[in-house]
file start_7.csv (CSV, C-alpha atoms and all ligand atoms)
chain,number,residue,atom,x,y,z
A,1,MET,CA,112.3,94.6,59.8
A,2,ARG,CA,114.5,94.2,62.8
A,3,ILE,CA,114.2,92.3,66.1
A,4,GLU,CA,115.8,93.7,69.3
A,5,GLN,CA,117.0,90.6,71.2
A,6,ASP,CA,117.6,92.3,74.6
A,7,ILE,CA,115.1,91.2,77.1
A,8,LYS,CA,112.8,94.0,78.3
A,9,LEU,CA,111.1,93.8,81.6
A,10,ASP,CA,107.8,94.7,83.2
A,11,PHE,CA,107.1,95.2,86.9
A,12,LYS,CA,105.9,91.6,87.2
A,13,ASP,CA,109.2,90.3,85.9
A,14,VAL,CA,111.3,91.4,88.9
A,15,LEU,CA,111.4,91.7,92.7
A,16,ILE,CA,113.7,94.0,94.7
A,17,ARG,CA,116.4,92.1,96.6
A,18,PRO,CA,116.6,92.9,100.3
A,19,LYS,CA,119.9,94.4,101.5
A,20,ARG,CA,121.7,94.9,104.9
A,21,SER,CA,120.3,98.0,106.6
A,22,THR,CA,120.6,100.0,109.7
A,23,LEU,CA,117.0,101.1,109.6
A,24,THR,CA,114.8,99.7,112.3
A,25,SER,CA,111.4,101.2,111.4
A,26,ARG,CA,109.5,102.4,108.4
A,27,SER,CA,108.9,105.7,110.3
A,28,GLU,CA,112.6,106.6,109.8
A,29,VAL,CA,112.1,106.7,106.0
A,30,ASP,CA,111.5,110.0,104.2
A,31,ILE,CA,109.7,109.5,101.0
A,32,SER,CA,109.5,113.1,99.9
A,33,ARG,CA,111.8,114.5,97.2
A,34,ASP,CA,113.3,117.9,96.4
A,35,TYR,CA,113.9,118.8,92.8
A,36,VAL,CA,115.0,121.8,90.8
A,37,PHE,CA,113.3,121.6,87.4
A,38,PRO,CA,115.9,122.1,84.6
A,39,HIS,CA,113.9,124.6,82.5
A,40,SER,CA,111.5,126.4,84.8
A,41,ARG,CA,114.2,126.5,87.4
A,42,LYS,CA,111.5,126.2,90.0
A,43,ASN,CA,111.9,124.1,93.2
A,44,TYR,CA,109.7,121.2,94.0
A,45,HIS,CA,109.1,119.5,97.3
A,46,GLY,CA,106.7,116.7,97.9
A,47,ILE,CA,106.0,113.0,97.7
A,48,PRO,CA,106.4,112.4,93.9
A,49,ILE,CA,103.2,110.6,93.1
A,50,ILE,CA,100.8,112.1,90.7
A,51,ALA,CA,97.1,111.2,90.0
A,52,ALA,CA,96.6,110.6,86.3
A,53,ASN,CA,94.9,113.3,84.1
A,54,MET,CA,92.0,110.9,83.5
A,55,ASP,CA,88.5,112.4,84.0
A,56,THR,CA,87.9,110.0,86.9
A,57,THR,CA,91.1,110.6,88.8
A,58,GLY,CA,92.4,114.0,87.7
A,59,THR,CA,89.8,115.9,89.7
A,60,PHE,CA,89.7,118.9,91.9
A,61,GLY,CA,88.6,116.7,94.8
A,62,MET,CA,91.6,114.4,94.3
A,63,ALA,CA,93.9,117.4,94.1
A,64,ARG,CA,92.7,118.6,97.5
A,65,ALA,CA,92.9,115.2,99.1
A,66,LEU,CA,96.3,114.4,97.7
A,67,ALA,CA,97.7,117.8,98.5
A,68,ARG,CA,97.2,117.2,102.2
A,69,HIS,CA,99.9,114.5,101.9
A,70,GLU,CA,102.1,116.5,99.5
A,71,LEU,CA,101.1,114.4,96.5
A,72,SER,CA,100.2,115.9,93.1
A,73,VAL,CA,97.5,115.8,90.6
A,74,ALA,CA,97.4,116.3,86.8
A,75,LEU,CA,93.9,117.7,86.3
A,76,HIS,CA,92.0,116.2,83.3
A,77,LYS,CA,91.6,118.4,80.3
A,78,HIS,CA,87.8,118.5,80.2
A,79,TYR,CA,87.2,121.0,82.9
A,80,GLY,CA,85.6,124.2,81.6
A,81,GLU,CA,87.4,127.6,81.9
A,82,ALA,CA,85.0,128.9,84.6
A,83,GLU,CA,85.7,125.8,86.8
A,84,LEU,CA,89.4,126.2,86.3
A,85,LEU,CA,89.4,129.8,87.2
A,86,ASP,CA,87.6,129.0,90.4
A,87,PHE,CA,90.0,126.3,91.3
A,88,PHE,CA,93.2,128.2,90.5
A,89,ALA,CA,91.9,131.2,92.5
A,90,ALA,CA,92.6,129.1,95.6
A,91,PRO,CA,94.7,126.1,94.6
A,92,PRO,CA,95.5,123.6,97.4
A,93,ALA,CA,98.8,124.0,99.2
A,94,GLY,CA,101.2,120.9,99.0
A,95,GLY,CA,102.3,118.9,96.1
A,96,ALA,CA,101.7,120.3,92.6
A,97,THR,CA,98.7,120.7,90.5
A,98,PHE,CA,99.3,120.3,86.7
A,99,TYR,CA,97.0,121.8,84.1
A,100,SER,CA,96.7,119.3,81.3
A,101,MET,CA,96.2,119.8,77.6
A,102,GLY,CA,96.5,118.2,74.2
A,103,ILE,CA,98.3,119.8,71.3
A,104,THR,CA,95.5,121.4,69.3
A,105,ALA,CA,95.2,125.1,68.6
A,106,PRO,CA,92.0,125.3,70.8
A,107,ASP,CA,94.0,123.6,73.6
A,108,PHE,CA,96.6,126.3,73.4
A,109,GLU,CA,94.2,129.1,73.2
A,110,LYS,CA,92.2,127.8,76.2
A,111,PHE,CA,95.4,127.6,78.3
A,112,ARG,CA,96.5,131.1,77.2
A,113,ARG,CA,93.1,132.5,78.3
A,114,VAL,CA,93.1,130.7,81.6
A,115,MET,CA,96.7,131.7,82.3
A,116,GLU,CA,95.8,135.3,81.5
A,117,LYS,CA,92.7,135.4,83.6
A,118,THR,CA,94.4,133.8,86.6
A,119,GLY,CA,97.2,136.3,86.4
A,120,GLY,CA,99.7,133.5,85.7
A,121,MET,CA,98.6,131.3,88.6
A,122,ILE,CA,99.3,128.1,86.7
A,123,GLY,CA,102.9,126.9,87.3
A,124,ASN,CA,102.7,123.3,86.2
A,125,VAL,CA,101.5,122.0,82.8
A,126,CYS,CA,101.1,118.5,81.5
A,127,VAL,CA,101.0,118.1,77.7
A,128,ASP,CA,99.7,114.7,77.0
A,129,VAL,CA,99.4,112.8,73.8
A,130,ALA,CA,99.2,109.0,73.2
A,131,ASN,CA,102.2,109.1,70.9
A,132,GLY,CA,105.0,111.5,71.8
A,133,TYR,CA,107.0,110.7,68.6
A,134,THR,CA,105.3,113.0,66.2
A,135,LYS,CA,106.6,116.3,64.7
A,136,ALA,CA,103.4,118.0,65.7
A,137,PHE,CA,104.0,117.2,69.3
A,138,ILE,CA,107.6,118.6,69.2
A,139,ARG,CA,106.3,121.7,67.5
A,140,PHE,CA,103.8,122.2,70.2
A,141,ILE,CA,106.5,121.7,72.9
A,142,HIS,CA,108.5,124.5,71.3
A,143,LYS,CA,105.4,126.8,71.1
A,144,ILE,CA,104.5,126.3,74.7
A,145,ARG,CA,108.0,126.6,76.0
A,146,THR,CA,108.6,129.8,74.0
A,147,GLY,CA,105.2,131.3,75.1
A,148,PHE,CA,105.6,130.3,78.8
A,149,PRO,CA,109.2,130.1,79.7
A,150,SER,CA,108.6,129.9,83.5
A,151,ILE,CA,106.1,127.0,83.6
A,152,THR,CA,107.2,123.5,84.8
A,153,LEU,CA,106.5,121.4,81.8
A,154,MET,CA,105.7,117.7,81.9
A,155,ALA,CA,105.1,116.0,78.5
A,156,GLY,CA,104.8,112.7,76.9
A,157,ASN,CA,104.3,109.9,76.4
A,158,VAL,CA,107.4,108.2,75.1
A,159,VAL,CA,109.3,105.0,76.0
A,160,THR,CA,112.8,105.4,74.7
A,161,GLY,CA,116.0,107.1,75.7
A,162,GLU,CA,116.6,109.1,72.5
A,163,MET,CA,113.1,110.6,72.5
A,164,THR,CA,113.5,111.5,76.2
A,165,GLU,CA,116.7,113.3,75.4
A,166,GLU,CA,115.1,115.2,72.6
A,167,LEU,CA,112.2,116.3,74.7
A,168,ILE,CA,114.4,117.5,77.5
A,169,LEU,CA,116.6,119.4,75.0
A,170,ASP,CA,113.4,120.9,73.6
A,171,GLY,CA,112.3,122.4,76.9
A,172,VAL,CA,110.5,119.6,78.8
A,173,ASP,CA,111.2,119.4,82.6
A,174,ILE,CA,109.6,116.0,83.2
A,175,VAL,CA,109.2,113.4,80.4
A,176,LYS,CA,106.2,111.2,80.9
A,177,VAL,CA,107.1,107.6,80.2
A,178,GLY,CA,104.7,104.8,79.2
A,179,ILE,CA,103.0,103.5,76.1
A,180,GLY,CA,100.6,100.6,76.6
A,181,PRO,CA,101.0,99.7,80.3
A,182,GLY,CA,97.9,101.4,81.6
A,183,SER,CA,95.2,99.3,83.5
A,184,VAL,CA,92.5,100.4,81.1
A,185,CYS,CA,94.7,100.8,78.0
A,186,THR,CA,94.3,98.4,75.1
A,187,THR,CA,97.0,99.9,72.8
A,188,ARG,CA,99.2,96.7,73.1
A,189,LYS,CA,96.2,94.6,71.9
A,190,VAL,CA,94.7,97.0,69.4
A,191,ALA,CA,97.9,98.3,67.8
A,192,GLY,CA,100.5,95.8,68.9
A,193,VAL,CA,102.6,98.7,70.1
A,194,GLY,CA,104.2,99.3,73.5
A,195,TYR,CA,107.3,98.8,75.6
A,196,PRO,CA,107.7,96.9,78.9
A,197,GLN,CA,107.3,99.5,81.5
A,198,LEU,CA,110.2,98.7,83.9
A,199,SER,CA,112.7,98.8,81.0
A,200,ALA,CA,111.2,102.0,79.7
A,201,ILE,CA,111.7,103.6,83.1
A,202,ILE,CA,115.3,102.4,83.4
A,203,GLU,CA,116.2,103.5,79.9
A,204,CYS,CA,114.4,106.9,79.9
A,205,ALA,CA,115.5,107.8,83.5
A,206,ASP,CA,119.1,107.1,82.5
A,207,ALA,CA,118.7,109.4,79.4
A,208,ALA,CA,116.9,112.1,81.3
A,209,HIS,CA,119.3,112.2,84.3
A,210,GLY,CA,122.3,112.7,82.0
A,211,LEU,CA,120.7,116.0,81.0
A,212,ARG,CA,119.5,116.9,84.5
A,213,GLY,CA,115.9,116.2,83.3
A,214,LEU,CA,113.3,114.2,85.2
A,215,ILE,CA,110.8,111.4,84.2
A,216,CYS,CA,107.4,110.4,85.4
A,217,ALA,CA,106.6,106.7,85.1
A,218,ASP,CA,103.0,106.7,83.8
A,219,GLY,CA,100.9,103.6,84.0
A,220,GLY,CA,101.0,99.9,84.9
A,221,CYS,CA,101.3,100.2,88.7
A,222,THR,CA,98.8,97.8,90.3
A,223,SER,CA,100.1,97.6,93.8
A,224,PRO,CA,102.4,99.6,96.1
A,225,GLY,CA,105.3,97.3,95.3
A,226,ASP,CA,105.1,98.4,91.7
A,227,LEU,CA,105.6,102.0,92.7
A,228,ALA,CA,108.7,100.9,94.7
A,229,LYS,CA,110.0,99.1,91.6
A,230,ALA,CA,109.3,102.2,89.5
A,231,PHE,CA,111.2,104.5,91.9
A,232,GLY,CA,113.9,101.8,92.2
A,233,ALA,CA,114.3,101.8,88.4
A,234,GLY,CA,114.9,105.5,88.5
A,235,ALA,CA,111.5,107.2,88.2
A,236,ASP,CA,111.5,110.7,89.6
A,237,PHE,CA,107.6,110.8,89.7
A,238,VAL,CA,105.1,108.0,89.4
A,239,MET,CA,101.6,108.6,87.9
A,240,LEU,CA,98.6,106.5,89.0
A,241,GLY,CA,95.3,106.0,87.4
A,242,GLY,CA,93.7,102.7,88.4
A,243,MET,CA,95.2,102.6,91.9
A,244,LEU,CA,93.4,105.9,92.7
A,245,ALA,CA,90.2,105.0,90.9
A,246,GLY,CA,87.0,104.0,92.7
A,247,HIS,CA,87.3,106.5,95.5
A,248,ASP,CA,85.0,109.2,96.7
A,249,GLU,CA,87.2,111.9,95.2
A,250,CYS,CA,86.8,110.5,91.7
A,251,ASP,CA,84.2,111.9,89.3
A,252,SER,CA,82.8,108.6,88.3
A,253,GLU,CA,79.3,107.3,87.6
A,254,ILE,CA,78.1,104.8,90.2
A,255,VAL,CA,76.1,101.8,89.2
A,256,GLU,CA,74.5,99.1,91.3
A,257,ILE,CA,75.2,95.5,90.3
A,258,GLY,CA,73.9,92.6,92.4
A,259,GLY,CA,73.4,94.9,95.4
A,260,ARG,CA,77.0,96.2,95.2
A,261,ARG,CA,77.9,99.8,94.3
A,262,LYS,CA,80.4,100.0,91.5
A,263,MET,CA,82.2,102.9,89.9
A,264,ARG,CA,82.9,103.2,86.2
A,265,PHE,CA,86.5,103.6,85.2
A,266,TYR,CA,87.5,103.9,81.6
A,267,GLY,CA,90.5,104.8,79.5
A,268,MET,CA,90.7,108.2,78.0
A,269,SER,CA,90.9,106.7,74.5
A,270,SER,CA,88.1,104.3,75.1
A,271,ARG,CA,84.8,104.3,73.3
A,272,GLN,CA,83.1,105.5,76.5
A,273,ALA,CA,85.4,108.6,76.7
A,274,MET,CA,85.1,109.4,73.0
A,275,ASP,CA,81.3,109.1,73.2
A,276,ARG,CA,81.4,111.5,76.1
A,277,TYR,CA,83.8,114.1,74.8
A,278,ALA,CA,84.2,113.7,71.1
A,279,GLY,CA,80.8,112.6,69.9
A,280,GLY,CA,81.9,109.0,69.3
A,281,VAL,CA,84.8,107.2,67.9
A,282,ALA,CA,85.9,108.8,64.6
A,283,GLY,CA,85.5,106.5,61.6
A,284,TYR,CA,89.2,106.3,60.9
A,285,ARG,CA,90.3,105.2,64.4
A,286,ALA,CA,89.8,102.4,66.9
A,287,SER,CA,89.2,102.8,70.6
A,288,GLU,CA,92.4,102.1,72.6
A,289,GLY,CA,90.9,101.9,76.0
A,290,ARG,CA,88.4,99.9,77.9
A,291,GLU,CA,86.0,100.3,80.8
A,292,VAL,CA,86.0,98.4,84.1
A,293,LEU,CA,83.7,98.5,87.0
A,294,LEU,CA,85.4,98.9,90.4
A,295,ASP,CA,84.1,98.4,93.9
A,296,CYS,CA,83.5,101.7,95.6
A,297,ARG,CA,86.5,102.1,97.9
A,298,GLY,CA,85.5,105.1,100.1
A,299,PRO,CA,87.9,108.0,100.7
A,300,VAL,CA,91.3,107.9,99.0
A,301,GLU,CA,92.9,108.5,102.4
A,302,ASP,CA,93.2,104.8,103.4
A,303,THR,CA,94.5,103.8,100.0
A,304,LEU,CA,97.2,106.5,100.3
A,305,ARG,CA,98.3,105.1,103.6
A,306,GLU,CA,98.7,101.7,102.0
A,307,ILE,CA,100.6,103.1,99.0
A,308,LEU,CA,102.9,105.3,101.1
A,309,GLY,CA,103.5,102.5,103.6
A,310,GLY,CA,104.5,100.1,100.8
A,311,VAL,CA,107.0,102.5,99.4
A,312,ARG,CA,108.4,103.2,102.9
A,313,SER,CA,108.6,99.4,103.5
A,314,ALA,CA,110.6,98.9,100.2
A,315,CYS,CA,113.1,101.6,101.4
A,316,THR,CA,113.5,99.8,104.7
A,317,TYR,CA,114.2,96.5,103.1
A,318,VAL,CA,117.1,98.0,101.1
A,319,GLY,CA,118.3,100.4,103.7
A,320,ALA,CA,117.3,103.6,102.0
A,321,ARG,CA,116.7,106.3,104.6
A,322,LYS,CA,115.4,108.6,101.8
A,323,LEU,CA,113.4,107.8,98.7
A,324,LYS,CA,116.3,109.5,96.8
A,325,GLU,CA,118.6,106.6,97.8
A,326,LEU,CA,116.1,103.9,96.7
A,327,SER,CA,117.3,103.6,93.1
A,328,LYS,CA,121.0,103.5,94.2
A,329,ARG,CA,120.2,100.7,96.6
A,330,THR,CA,118.0,98.7,94.2
A,331,THR,CA,119.1,95.4,92.8
A,332,PHE,CA,116.3,93.7,90.9
A,333,VAL,CA,116.1,90.0,90.6
A,334,ARG,CA,114.3,88.5,87.6
A,335,VAL,CA,111.6,86.1,88.6
A,336,THR,CA,109.1,83.8,87.0
A,337,GLN,CA,105.6,85.2,86.7
A,338,GLN,CA,104.3,82.6,89.2
A,339,SER,CA,106.7,83.7,92.0
A,340,ASN,CA,105.6,87.3,91.5
A,341,GLU,CA,102.0,86.5,91.6
A,342,VAL,CA,102.4,85.1,95.1
A,343,PHE,CA,103.5,88.6,96.2
A,344,GLY,CA,101.7,90.8,93.8
A,345,THR,CA,98.2,90.2,92.7
A,346,ALA,CA,94.9,91.5,94.0
A,347,TRP,CA,96.3,94.2,96.1
A,348,ALA,CA,93.4,96.5,95.4
A,349,ASN,CA,90.3,94.6,96.5
A,350,GLY,CA,87.8,94.8,93.8
A,351,TYR,CA,90.2,95.9,91.1
A,352,ASN,CA,88.9,93.3,88.7
A,353,ASP,CA,87.6,93.3,85.3
A,354,GLU,CA,83.9,92.8,85.3
B,1,LIG,P1,97.2,103.0,85.3
B,1,LIG,O1,97.8,103.7,86.5
B,1,LIG,O2,95.7,103.0,85.3
B,1,LIG,O3,97.8,101.7,85.0
B,1,LIG,O4,97.6,103.9,84.0
B,1,LIG,C1,97.2,105.2,83.9
B,1,LIG,C2,97.7,105.8,82.6
B,1,LIG,O5,97.1,105.0,81.5
B,1,LIG,C3,97.3,107.2,82.2
B,1,LIG,O6,98.0,108.1,82.9
B,1,LIG,C4,97.5,107.2,80.7
B,1,LIG,O7,98.8,107.5,80.4
B,1,LIG,C5,97.1,105.8,80.3
B,1,LIG,N1,95.8,105.8,79.7
B,1,LIG,C6,94.6,106.2,80.2
B,1,LIG,N2,93.6,106.0,79.4
B,1,LIG,C7,94.1,105.3,78.3
B,1,LIG,C8,93.5,104.8,77.1
B,1,LIG,O8,92.3,104.8,76.9
B,1,LIG,N3,94.4,104.3,76.2
B,1,LIG,C9,95.7,104.2,76.5
B,1,LIG,N4,96.5,103.7,75.5
B,1,LIG,N5,96.3,104.7,77.6
B,1,LIG,C10,95.5,105.2,78.5

call {"tool": "encode", "arguments": {"input": "start_7.csv", "output": "structure tokens"}}
result
Amino acid sequence: MRIEQDIKLDFKDVLIRPKRSTLTSRSEVDISRDYVFPHSRKNYHGIPIIAANMDTTGTFGMARALARHELSVALHKHYGEAELLDFFAAPPAGGATFYSMGITAPDFEKFRRVMEKTGGMIGNVCVDVANGYTKAFIRFIHKIRTGFPSITLMAGNVVTGEMTEELILDGVDIVKVGIGPGSVCTTRKVAGVGYPQLSAIIECADAAHGLRGLICADGGCTSPGDLAKAFGAGADFVMLGGMLAGHDECDSEIVEIGGRRKMRFYGMSSRQAMDRYAGGVAGYRASEGREVLLDCRGPVEDTLREILGGVRSACTYVGARKLKELSKRTTFVRVTQQSNEVFGTAWANGYNDE
């Protein structure tokens, strides 16, 4: 047994210190990014925010709504082949749509068939496992990179620099970072495993950028300020579940409670998800997600405006004319939890555990 004594930080442990700036308005800030992916060699342009590949948020409807603002979506992996073929026959322009999959042989075969039938229309793939530290995961990364050399590959999740480096050397373009921070994730409670998300982003971004790789900070953002902190810490992309849940574009069951319409939102390793897709929680494992009921929040458009406005505002406060400059201009100050709560909580009205 060993204890690491370095303090590791979460979003709530810091604020971004304001800096002298020549910017006069948020409208002067450009929050899009341009990247060349290290393995696919493809170019990316867009606002680097991705809807999570959860069955509520990683939907075709969300992909269309977000693409209008050059944001991206990782589709959930439970769509059938026919639906995927329809969608990829006319994918939305703007941002990027990621096809998501796990690491089983049927996952690979399904992807191979869809790719073949769409004539190779899928350019972006997200390989998603709860624990990106296994040999099976690495073997799968080799298999998919060898089989599909030109796809842009996002894969994870991991939280440490050395594993980020390994994945990039193995063929991953974007390493997905985050174990335990998700709004409906219970891994930290159930397994006692995790890593404070801000430190994970800082350490993994540093490792990735040294190899010209990219990272996507996945999970734990509860307000636009958290996205600003993630980008400030070095994230190239930020993935959102809970902040995009509860909208018209989500595929969620609506229930009425006390005369108010609520949407179900649950973790993809929750009992609810496993009941739906895997015939229940297998006897050898525990659920690592929970369900919350959210107020219905209408079209995602208004929420997007808030999120993008918040990131623009952060850039203005530190004098970053482009999102690319935000991390260079970010100095975090450590704060007590109380001082952050004044700024941070209850951004999303109704985003409460019921
Ligand atoms: P959020 O933006 O809601 O804080 O986090 C979204 C992320 O939480 C997802 O992209 C995914 O990585 C993670 N996640 C989703 N469902 C579960 C779950 O049931 N268990 C765990 N451990 N993580 C989950």

call {"tool": "residues_around", "arguments": {"input": "start_7.csv", "residues": "A:Lys262", "least_positions_apart": "4", "cutoff": "10 Å", "atoms": "all atoms listed in the file", "output": "number ranges by chain"}}
result
A: 246, 252-258, 292-297, 350

call {"tool": "residues_near_ligand", "arguments": {"input": "start_7.csv", "ligand": "ligand LIG 1 (chain B)", "cutoff": "7 Å", "atoms": "only C-alpha atoms and all ligand atoms", "output": "number ranges by chain"}}
result
A: 52-54, 130, 178-187, 218-222, 239-243, 266-270, 288-290

call {"tool": "closest_atom_pairs", "arguments": {"input": "start_7.csv", "of": "stretch 127-207 of chain A", "to": "stretch 62-83 of chain A", "cutoff": "10 Å", "atoms": "all atoms listed in the file", "output": "CSV"}}
result
residue,atom,partner,partner_atom,distance
A:Val127,CA,A:Lys77,CA,9.8
A:Asp128,CA,A:Lys77,CA,9.5
A:Met154,CA,A:Ala74,CA,9.7

call {"tool": "atom_distance", "arguments": {"input": "start_7.csv", "atom1": "atom CA of A:Asp55", "atom2": "atom CA of A:Val281"}}
result
17.3 Å

call {"tool": "atom_distance", "arguments": {"input": "start_7.csv", "atom1": "atom CA of A:Val129", "atom2": "atom CA of A:Cys250"}}
result
22.0 Å

call {"tool": "residues_near_point", "arguments": {"input": "start_7.csv", "point": "(114.5, 107.1, 81.7)", "cutoff": "9 Å", "atoms": "all atoms listed in the file", "output": "PyMOL selection string"}}
result
chain A and resi 159-161+164+175+177+199-209+214-217+233-235

call {"tool": "write_last_selection", "arguments": {"input": "start_7.csv", "atoms": "C-alpha atoms", "output": "PDB file, in the coordinates of the input"}}
result
ATOM      1  CA  VAL A 159     109.300 105.000  76.000  1.00  0.00           C
ATOM      2  CA  THR A 160     112.800 105.400  74.700  1.00  0.00           C
ATOM      3  CA  GLY A 161     116.000 107.100  75.700  1.00  0.00           C
ATOM      4  CA  THR A 164     113.500 111.500  76.200  1.00  0.00           C
ATOM      5  CA  VAL A 175     109.200 113.400  80.400  1.00  0.00           C
ATOM      6  CA  VAL A 177     107.100 107.600  80.200  1.00  0.00           C
ATOM      7  CA  SER A 199     112.700  98.800  81.000  1.00  0.00           C
ATOM      8  CA  ALA A 200     111.200 102.000  79.700  1.00  0.00           C
ATOM      9  CA  ILE A 201     111.700 103.600  83.100  1.00  0.00           C
ATOM     10  CA  ILE A 202     115.300 102.400  83.400  1.00  0.00           C
ATOM     11  CA  GLU A 203     116.200 103.500  79.900  1.00  0.00           C
ATOM     12  CA  CYS A 204     114.400 106.900  79.900  1.00  0.00           C
ATOM     13  CA  ALA A 205     115.500 107.800  83.500  1.00  0.00           C
ATOM     14  CA  ASP A 206     119.100 107.100  82.500  1.00  0.00           C
ATOM     15  CA  ALA A 207     118.700 109.400  79.400  1.00  0.00           C
ATOM     16  CA  ALA A 208     116.900 112.100  81.300  1.00  0.00           C
ATOM     17  CA  HIS A 209     119.300 112.200  84.300  1.00  0.00           C
ATOM     18  CA  LEU A 214     113.300 114.200  85.200  1.00  0.00           C
ATOM     19  CA  ILE A 215     110.800 111.400  84.200  1.00  0.00           C
ATOM     20  CA  CYS A 216     107.400 110.400  85.400  1.00  0.00           C
ATOM     21  CA  ALA A 217     106.600 106.700  85.100  1.00  0.00           C
ATOM     22  CA  ALA A 233     114.300 101.800  88.400  1.00  0.00           C
ATOM     23  CA  GLY A 234     114.900 105.500  88.500  1.00  0.00           C
ATOM     24  CA  ALA A 235     111.500 107.200  88.200  1.00  0.00           C
TER      25      ALA A 235
END

call {"tool": "closest_residue", "arguments": {"input": "start_7.csv", "among": "A:Lys189, A:His39, A:Arg260, A:Arg334", "to": "A:Arg145", "atoms": "only C-alpha atoms"}}
result
A:His39

call {"tool": "closest_residue", "arguments": {"input": "start_7.csv", "among": "A:Gly58, A:Gly319, A:Pro38, A:Gly46", "to": "A:Gly210", "atoms": "all atoms listed in the file"}}
result
A:Pro38

call {"tool": "residues_around", "arguments": {"input": "start_7.csv", "residues": "A:Arg112", "least_positions_apart": "2", "cutoff": "12 Å", "atoms": "only C-alpha atoms", "output": "ChimeraX atom specification"}}
result
/A:81,99,101,105-110,114-122,125,143-144,147-148
